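> So that you have it, the file is query_6.tsv, and it contains TSV, C-alpha atoms:
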```tsv
chain	number	residue	atom	x	y	z
A	101	GLY	CA	142.04	80.90	281.65
A	102	ASN	CA	139.69	79.65	284.38
A	103	ALA	CA	136.27	81.20	284.91
A	104	VAL	CA	135.84	82.40	288.49
A	105	VAL	CA	132.74	83.24	290.51
A	106	VAL	CA	133.64	85.50	293.44
A	107	LYS	CA	131.32	86.22	296.40
A	108	PRO	CA	132.55	89.03	298.69
A	109	SER	CA	130.67	89.70	301.91
A	110	GLU	CA	127.39	91.53	301.43
A	111	ILE	CA	127.91	93.01	304.90
A	112	CYS	CA	130.95	95.03	303.83
A	113	GLU	CA	129.64	97.15	300.99
A	114	ASN	CA	132.82	99.20	300.60
A	115	MET	CA	135.01	96.12	300.45
A	116	ALA	CA	132.66	94.46	297.95
A	117	ARG	CA	132.84	97.59	295.80
A	118	LEU	CA	136.63	97.59	295.97
A	119	VAL	CA	136.79	93.92	294.95
A	120	SER	CA	134.37	94.63	292.11
A	121	ASP	CA	136.62	97.42	290.83
A	122	LEU	CA	139.98	95.66	291.17
A	123	LEU	CA	139.48	92.01	290.23
A	124	PRO	CA	138.25	92.62	286.66
A	125	GLN	CA	141.59	94.28	285.98
A	126	TYR	CA	143.36	90.94	286.52
A	127	LEU	CA	140.80	88.23	285.71
A	128	ASP	CA	139.18	87.90	282.28
A	129	GLN	CA	136.41	85.45	283.09
A	130	LEU	CA	135.12	86.88	286.35
A	131	TYR	CA	131.56	86.78	287.68
A	132	LEU	CA	130.91	88.78	290.84
A	133	VAL	CA	128.03	87.78	293.11
A	134	VAL	CA	127.23	90.14	295.95
A	135	SER	CA	123.76	89.21	297.23
A	136	ARG	CA	123.31	86.22	299.55
A	137	GLU	CA	120.36	84.93	297.52
A	138	ALA	CA	122.37	84.89	294.29
A	139	ALA	CA	125.27	83.18	296.06
A	140	GLU	CA	123.02	80.40	297.36
A	141	MET	CA	121.73	79.84	293.83
A	142	LYS	CA	125.21	79.84	292.27
A	143	ILE	CA	126.81	77.49	294.77
A	144	SER	CA	124.35	74.75	293.86
A	145	GLN	CA	125.86	74.67	290.37
A	146	ARG	CA	128.58	72.22	289.38
A	147	PHE	CA	132.03	73.79	289.90
A	148	ASP	CA	135.52	72.36	289.45
A	149	HIS	CA	136.52	73.66	292.88
A	150	ILE	CA	135.02	75.72	295.70
A	151	LEU	CA	137.11	77.79	298.13
A	152	TYR	CA	135.45	79.23	301.21
A	153	THR	CA	136.83	81.45	303.98
A	154	GLY	CA	134.58	81.93	306.99
A	155	ASN	CA	133.00	80.26	310.00
A	156	SER	CA	132.43	76.54	310.42
A	157	THR	CA	128.62	76.84	310.34
A	158	VAL	CA	128.59	78.12	306.78
A	159	GLY	CA	131.52	75.83	305.96
A	160	LYS	CA	129.32	72.82	306.70
A	161	ILE	CA	126.63	74.18	304.38
A	162	VAL	CA	129.20	74.66	301.60
A	163	MET	CA	130.45	71.09	302.04
A	164	ALA	CA	126.93	69.66	302.00
A	165	VAL	CA	126.09	71.45	298.75
A	166	ALA	CA	129.42	70.49	297.16
A	167	ALA	CA	128.89	66.83	298.07
A	168	LYS	CA	125.92	66.57	295.73
A	169	HIS	CA	128.14	66.55	292.62
A	170	PRO	CA	130.74	65.99	294.32
A	171	THR	CA	132.96	69.08	294.06
A	172	PRO	CA	136.40	69.42	295.71
A	173	VAL	CA	136.31	71.96	298.54
A	174	THR	CA	138.98	74.03	300.29
A	175	LEU	CA	137.81	75.52	303.60
A	176	GLU	CA	139.66	78.17	305.63
A	177	LEU	CA	137.67	78.20	308.84
A	178	GLY	CA	137.96	80.07	312.11
A	179	GLY	CA	139.57	79.22	315.42
A	180	LYS	CA	140.41	80.87	318.73
A	181	SER	CA	144.15	81.60	318.57
A	182	PRO	CA	145.87	81.74	321.98
A	183	CYS	CA	148.70	84.01	323.07
A	184	TYR	CA	150.88	82.55	325.83
A	185	ILE	CA	152.97	85.01	327.86
A	186	ASP	CA	155.72	83.44	329.94
A	187	LYS	CA	156.90	85.07	333.16
A	188	ASP	CA	160.38	85.13	331.64
A	189	CYS	CA	159.84	87.62	328.81
A	190	ASP	CA	159.81	91.30	327.94
A	191	LEU	CA	156.21	92.22	328.72
A	192	ALA	CA	156.41	95.53	326.90
A	193	VAL	CA	157.42	93.77	323.69
A	194	ALA	CA	154.87	90.99	324.12
A	195	CYS	CA	151.99	93.35	324.79
A	196	ARG	CA	152.93	95.67	321.96
A	197	SER	CA	153.75	93.26	319.17
A	198	GLY	CA	151.41	90.37	319.83
A	199	CYS	CA	148.76	90.81	322.46
A	200	CYS	CA	147.39	94.08	321.14
A	201	LYS	CA	146.51	92.57	317.76
A	202	PRO	CA	142.87	91.88	318.68
A	203	LEU	CA	142.50	95.44	319.99
A	204	ALA	CA	144.74	97.45	317.69
A	205	GLY	CA	145.46	95.54	314.52
A	206	ALA	CA	146.56	92.30	312.93
A	207	GLN	CA	148.88	90.87	310.33
A	208	TRP	CA	146.25	90.16	307.70
A	209	TRP	CA	142.57	90.58	307.03
A	210	GLY	CA	139.88	88.06	307.82
A	211	GLY	CA	136.80	87.36	305.72
A	212	ASP	CA	134.63	85.55	308.20
A	213	PRO	CA	130.88	86.28	307.92
A	214	VAL	CA	130.57	86.82	311.67
A	215	GLY	CA	132.82	89.87	311.59
A	216	HIS	CA	133.97	92.19	308.83
A	217	LEU	CA	135.69	95.49	308.38
A	218	ASP	CA	135.29	97.97	305.58
A	219	ILE	CA	138.85	99.27	305.20
A	220	SER	CA	139.22	103.01	305.63
A	221	GLY	CA	141.90	103.64	308.27
A	222	PRO	CA	145.61	104.46	307.83
A	223	LEU	CA	148.45	101.98	308.11
A	224	SER	CA	150.34	101.62	311.36
A	225	SER	CA	154.07	101.46	310.75
A	226	ASP	CA	154.75	100.54	314.37
A	227	CYS	CA	152.98	97.18	314.41
A	228	GLY	CA	153.36	96.39	310.72
A	229	CYS	CA	149.63	96.38	310.15
A	230	ARG	CA	146.56	98.54	309.76
A	231	ALA	CA	145.54	100.16	313.02
A	232	GLY	CA	142.04	99.86	314.33
A	233	THR	CA	140.81	96.55	312.92
A	234	VAL	CA	138.77	96.27	316.15
A	235	GLY	CA	139.51	92.58	316.35
A	236	TRP	CA	138.30	91.55	312.89
A	237	ALA	CA	141.31	89.68	311.65
A	238	VAL	CA	141.57	85.95	311.33
A	239	GLY	CA	145.19	85.64	312.44
A	240	ALA	CA	144.92	87.80	315.55
A	241	GLY	CA	145.29	86.25	318.99
A	242	ASP	CA	141.88	85.67	320.55
A	243	TYR	CA	142.86	85.37	324.20
A	244	ILE	CA	145.87	85.50	326.54
A	245	LEU	CA	147.21	82.78	328.82
A	246	CYS	CA	149.60	83.96	331.54
A	247	ASP	CA	150.68	83.37	335.12
A	248	PRO	CA	148.42	85.04	337.73
A	249	SER	CA	151.42	86.93	339.11
A	250	ILE	CA	151.89	88.94	335.90
A	251	GLN	CA	148.26	89.45	334.88
A	252	SER	CA	148.08	93.01	336.22
A	253	GLU	CA	151.38	93.91	334.50
A	254	VAL	CA	150.06	92.53	331.21
A	255	VAL	CA	146.97	94.72	331.54
A	256	GLU	CA	149.03	97.85	332.27
A	257	ASN	CA	151.35	97.22	329.32
A	258	ILE	CA	148.44	96.75	326.93
A	259	LYS	CA	146.78	99.91	328.24
A	260	ALA	CA	150.00	101.84	327.62
A	261	THR	CA	150.19	100.54	324.05
A	262	LEU	CA	146.57	101.45	323.35
A	263	GLN	CA	147.13	104.97	324.63
A	264	GLU	CA	150.18	105.30	322.39
A	265	PHE	CA	148.18	104.16	319.36
A	266	TYR	CA	144.97	106.10	319.96
A	267	GLY	CA	145.62	108.76	322.58
A	268	GLU	CA	143.52	109.53	325.64
A	269	ASP	CA	140.20	109.46	323.77
A	270	VAL	CA	140.05	106.38	321.56
A	271	LYS	CA	136.56	107.25	320.30
A	272	SER	CA	137.83	110.43	318.65
A	273	SER	CA	140.90	108.76	317.14
A	274	PRO	CA	140.89	108.76	313.31
A	275	ASP	CA	142.69	105.39	313.39
A	276	TYR	CA	140.07	103.46	315.34
A	277	GLU	CA	137.27	101.79	313.39
A	278	ARG	CA	133.66	100.95	314.26
A	279	ILE	CA	131.77	97.65	314.38
A	280	VAL	CA	130.33	96.86	310.97
A	281	ASN	CA	126.63	96.80	311.97
A	282	LYS	CA	124.19	96.82	314.89
A	283	ARG	CA	123.81	93.03	314.97
A	284	HIS	CA	127.50	92.43	315.56
A	285	PHE	CA	127.67	95.41	317.93
A	286	LYS	CA	125.05	93.73	320.15
A	287	ARG	CA	126.70	90.32	319.77
A	288	ILE	CA	130.05	91.63	321.00
A	289	LEU	CA	128.48	93.54	323.90
A	290	GLY	CA	126.73	90.33	324.91
A	291	LEU	CA	130.11	88.66	325.38
A	292	LEU	CA	130.92	91.18	328.13
A	293	ASP	CA	127.98	90.17	330.32
A	294	GLY	CA	129.15	88.96	333.72
A	295	GLN	CA	132.82	89.58	332.91
A	296	LYS	CA	135.40	91.47	334.95
A	297	ILE	CA	136.39	94.46	332.82
A	298	ALA	CA	139.90	95.64	333.61
A	299	HIS	CA	139.94	98.28	330.90
A	300	GLY	CA	137.51	99.75	328.39
A	301	GLY	CA	133.96	98.52	328.05
A	302	GLU	CA	132.55	101.84	326.83
A	303	ALA	CA	130.11	101.57	323.93
A	304	ASP	CA	127.91	103.77	321.75
A	305	GLU	CA	125.24	101.97	319.75
A	306	ALA	CA	124.46	104.98	317.56
A	307	SER	CA	127.95	104.88	316.03
A	308	CYS	CA	128.60	101.15	316.67
A	309	PHE	CA	131.60	102.10	318.81
A	310	ILE	CA	133.08	99.66	321.32
A	311	ALA	CA	136.25	100.70	323.12
A	312	PRO	CA	139.22	98.31	323.33
A	313	THR	CA	138.25	96.08	326.25
A	314	ILE	CA	140.41	93.85	328.44
A	315	LEU	CA	138.80	91.11	330.53
A	316	THR	CA	140.63	89.49	333.45
A	317	ASP	CA	140.13	86.29	335.44
A	318	VAL	CA	138.01	84.90	332.63
A	319	SER	CA	136.45	81.47	333.10
A	320	PRO	CA	137.18	78.89	330.37
A	321	GLU	CA	133.46	78.08	330.34
A	322	SER	CA	132.33	81.66	329.73
A	323	LYS	CA	130.55	82.69	326.53
A	324	VAL	CA	133.47	84.81	325.39
A	325	MET	CA	135.58	81.63	325.21
A	326	GLU	CA	133.08	79.63	323.15
A	327	GLU	CA	133.51	81.38	319.80
A	328	GLU	CA	135.82	83.68	317.89
A	329	ILE	CA	135.24	87.18	319.21
A	330	PHE	CA	135.81	89.26	316.07
A	331	GLY	CA	135.68	92.43	318.13
A	332	PRO	CA	137.92	94.65	320.29
A	333	VAL	CA	137.71	92.36	323.33
A	334	LEU	CA	140.69	90.55	324.83
A	335	PRO	CA	140.11	87.92	327.55
A	336	ILE	CA	142.97	86.99	329.91
A	337	LEU	CA	143.00	83.55	331.52
A	338	THR	CA	145.56	82.52	334.10
A	339	VAL	CA	147.63	79.32	334.06
A	340	LYS	CA	150.39	78.20	336.42
A	341	ASN	CA	152.96	77.23	333.78
A	342	VAL	CA	153.52	76.36	330.13
A	343	ASP	CA	152.43	72.74	330.66
A	344	GLU	CA	149.06	73.88	331.95
A	345	ALA	CA	148.79	76.26	328.99
A	346	ILE	CA	149.49	73.44	326.53
A	347	GLU	CA	146.96	71.20	328.23
A	348	PHE	CA	144.35	73.97	328.10
A	349	ILE	CA	144.92	74.61	324.38
A	350	ASN	CA	144.86	70.90	323.51
A	351	ARG	CA	141.47	70.42	325.21
A	352	ARG	CA	139.88	72.92	322.84
A	353	GLU	CA	139.30	73.12	319.10
A	354	LYS	CA	142.48	73.59	317.07
A	355	PRO	CA	143.44	77.26	316.73
A	356	LEU	CA	144.54	78.98	313.54
A	357	ALA	CA	147.71	80.34	315.12
A	358	LEU	CA	149.63	80.34	318.38
A	359	TYR	CA	151.70	83.21	319.79
A	360	VAL	CA	154.34	82.52	322.45
A	361	PHE	CA	156.41	85.17	324.24
A	362	SER	CA	159.30	83.89	326.33
A	363	ASN	CA	163.04	84.34	326.76
A	364	ASN	CA	163.32	80.64	327.60
A	365	LYS	CA	164.17	78.70	324.41
A	366	LYS	CA	162.90	75.48	326.00
A	367	VAL	CA	159.42	76.99	326.15
```
Take the structure in the file and give it back as structure tokens.


Amino acid sequence: GNAVVVKPSEICENMARLVSDLLPQYLDQLYLVVSREAAEMKISQRFDHILYTGNSTVGKIVMAVAAKHPTPVTLELGGKSPCYIDKDCDLAVACRSGCCKPLAGAQWWGGDPVGHLDISGPLSSDCGCRAGTVGWAVGAGDYILCDPSIQSEVVENIKATLQEFYGEDVKSSPDYERIVNKRHFKRILGLLDGQKIAHGGEADEASCFIAPTILTDVSPESKVMEEEIFGPVLPILTVKNVDEAIEFINRREKPLALYVFSNNKKV
């Protein structure tokens, strides 16, 4: 019986259209707001509760507006989720089921304004997710931590998985999506500046295509480690052991998720 105002992303027109078609079938008192201007006007009204999914910059704006009444707020914000690969693990399994999520798919869809996907690709039964999300999924691992001695093996295993998913020519694969617009295409390419590209890196601005890209020997201070990537780019950083990995993660902002691959139960 509650009245609901829903604001899908104006960037993803197809997704907004899908939401507009489906939600009225289940909610009686529904008011859809698509334009950013209308959303800014509506959010200043007095609501019983505001729920926002997206980046922390907009989250702060939502909180500031809600505080005027005040209105209770639930925020689901972003975070760089690490994937730790122990030397004692099945690398093929780790690189297929977990580490390829930013490049090949993810468990659920993200709604962050800095990266969106208009759904159009088929489902991948192998990884239990939709193939080709090109990194735009909130729960996907954002970077890999592993021992320097296995870094090259990790790269080769991920490359093998990508070839299995998309074939020799990923650009022509019907399962691989494109970046949502030119602005985010340029933003993602900018993250590759000065990086060591172990695989991928090809891009086509006309079609907003960026190939699955693996970066190695990444510095913790680099730009690609400052924000959520929301693109088909996977940085690999090396650590000596699990204690160093834990210390590294704890020094940074809290992640949304953590993926650990090891045969050692103590880890």

> For a test of reading the model, state the distance in Å between CA of Gly300 (chain A) and CA of Val360 (chain A), rounded to one decimal.

24.8 Å

> For CA of Asp317 (chain A) and CA of Thr338 (chain A), determine how far apart the two atoms are, in Å to one decimal place.

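So the two atoms, CA of Asp317 (chain A) and CA of Thr338 (chain A), lie 6.7 Å apart.
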
> Quick one: residues within 12 Å of Arg283 (chain A), all atoms listed in the file counted, chain neighbours fewer than 2 positions away excluded, as a PyMOL selection string?

chain A and resi 111+214-216+279-281+285-290+305+308

> Could you check the closest approach to Glu347 (chain A) for each of A:Val318, A:Leu245, A:Met115, A:Leu334 and tell me which residue wins, using only C-alpha atoms?

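Going through A:Val318, A:Leu245, A:Met115, A:Leu334 one by one, the smallest distance to Glu347 (chain A) is for A:Leu245.
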
> Assuming 4 Å of padding per side, give the centre and edge lengths of the axis-aligned box around every listed atom of region 351-358 of chain A, in Å to one decimal and as lines of an AutoDock Vina configuration file.


```
center_x = 144.5
center_y = 75.4
center_z = 319.4
size_x = 18.3
size_y = 17.9
size_z = 19.7
```

> Would you mind reading off the distance between CA of Cys189 (chain A) and CA of Leu315 (chain A), one decimal, in Å?

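These atoms are spaced 21.4 Å apart.
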
> Name the closest residue to Tyr243 (chain A) among the candidates A:Ala103, A:Leu175, A:Ile336, A:Ala167; distances are taken between atoms, counting only C-alpha atoms.

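That would be A:Ile336, the residue with the smallest distance to Tyr243 (chain A).
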
> Taking all atoms listed in the file into account, name the residue in A:Thr153, A:Arg146, A:Val254, A:Pro320 that is nearest to Val106 (chain A).

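Closest to Val106 (chain A), using all atoms listed in the file: A:Thr153.
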
> Between A:Leu127, A:Ile244, A:Val324, A:Ile310, which has the minimum distance to Ile185 (chain A) (counting only C-alpha atoms)?

A:Ile244

> Choose the residue, out of A:Glu353, A:Glu113, A:Asp269, A:Asp275, that has the smallest atom-to-atom separation from Met325 (chain A); count all atoms listed in the file.

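The shortest atom-to-atom distance to Met325 (chain A) comes from A:Glu353.
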
> My list of candidates is A:Leu337, A:Ala164, A:Leu358, A:Ala240. Which is closest to Gln295 (chain A) when distances are computed with all atoms listed in the file?

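Distance minimum relative to Gln295 (chain A) lands on A:Leu337.
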
> Find the residues with any atom within 10 Å of (150.5, 99.4, 325.5); use only C-alpha atoms and the coordinates as given in the file, and write the answer as a list in words.

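Output: Leu191, Ala192, Val193, Ala194, Cys195, Arg196, Ser197, Cys199, Cys200, Ala204, Val254, Val255, Glu256, Asn257, Ile258, Lys259, Ala260, Thr261, Leu262, Gln263, Glu264 and Phe265 of chain A.
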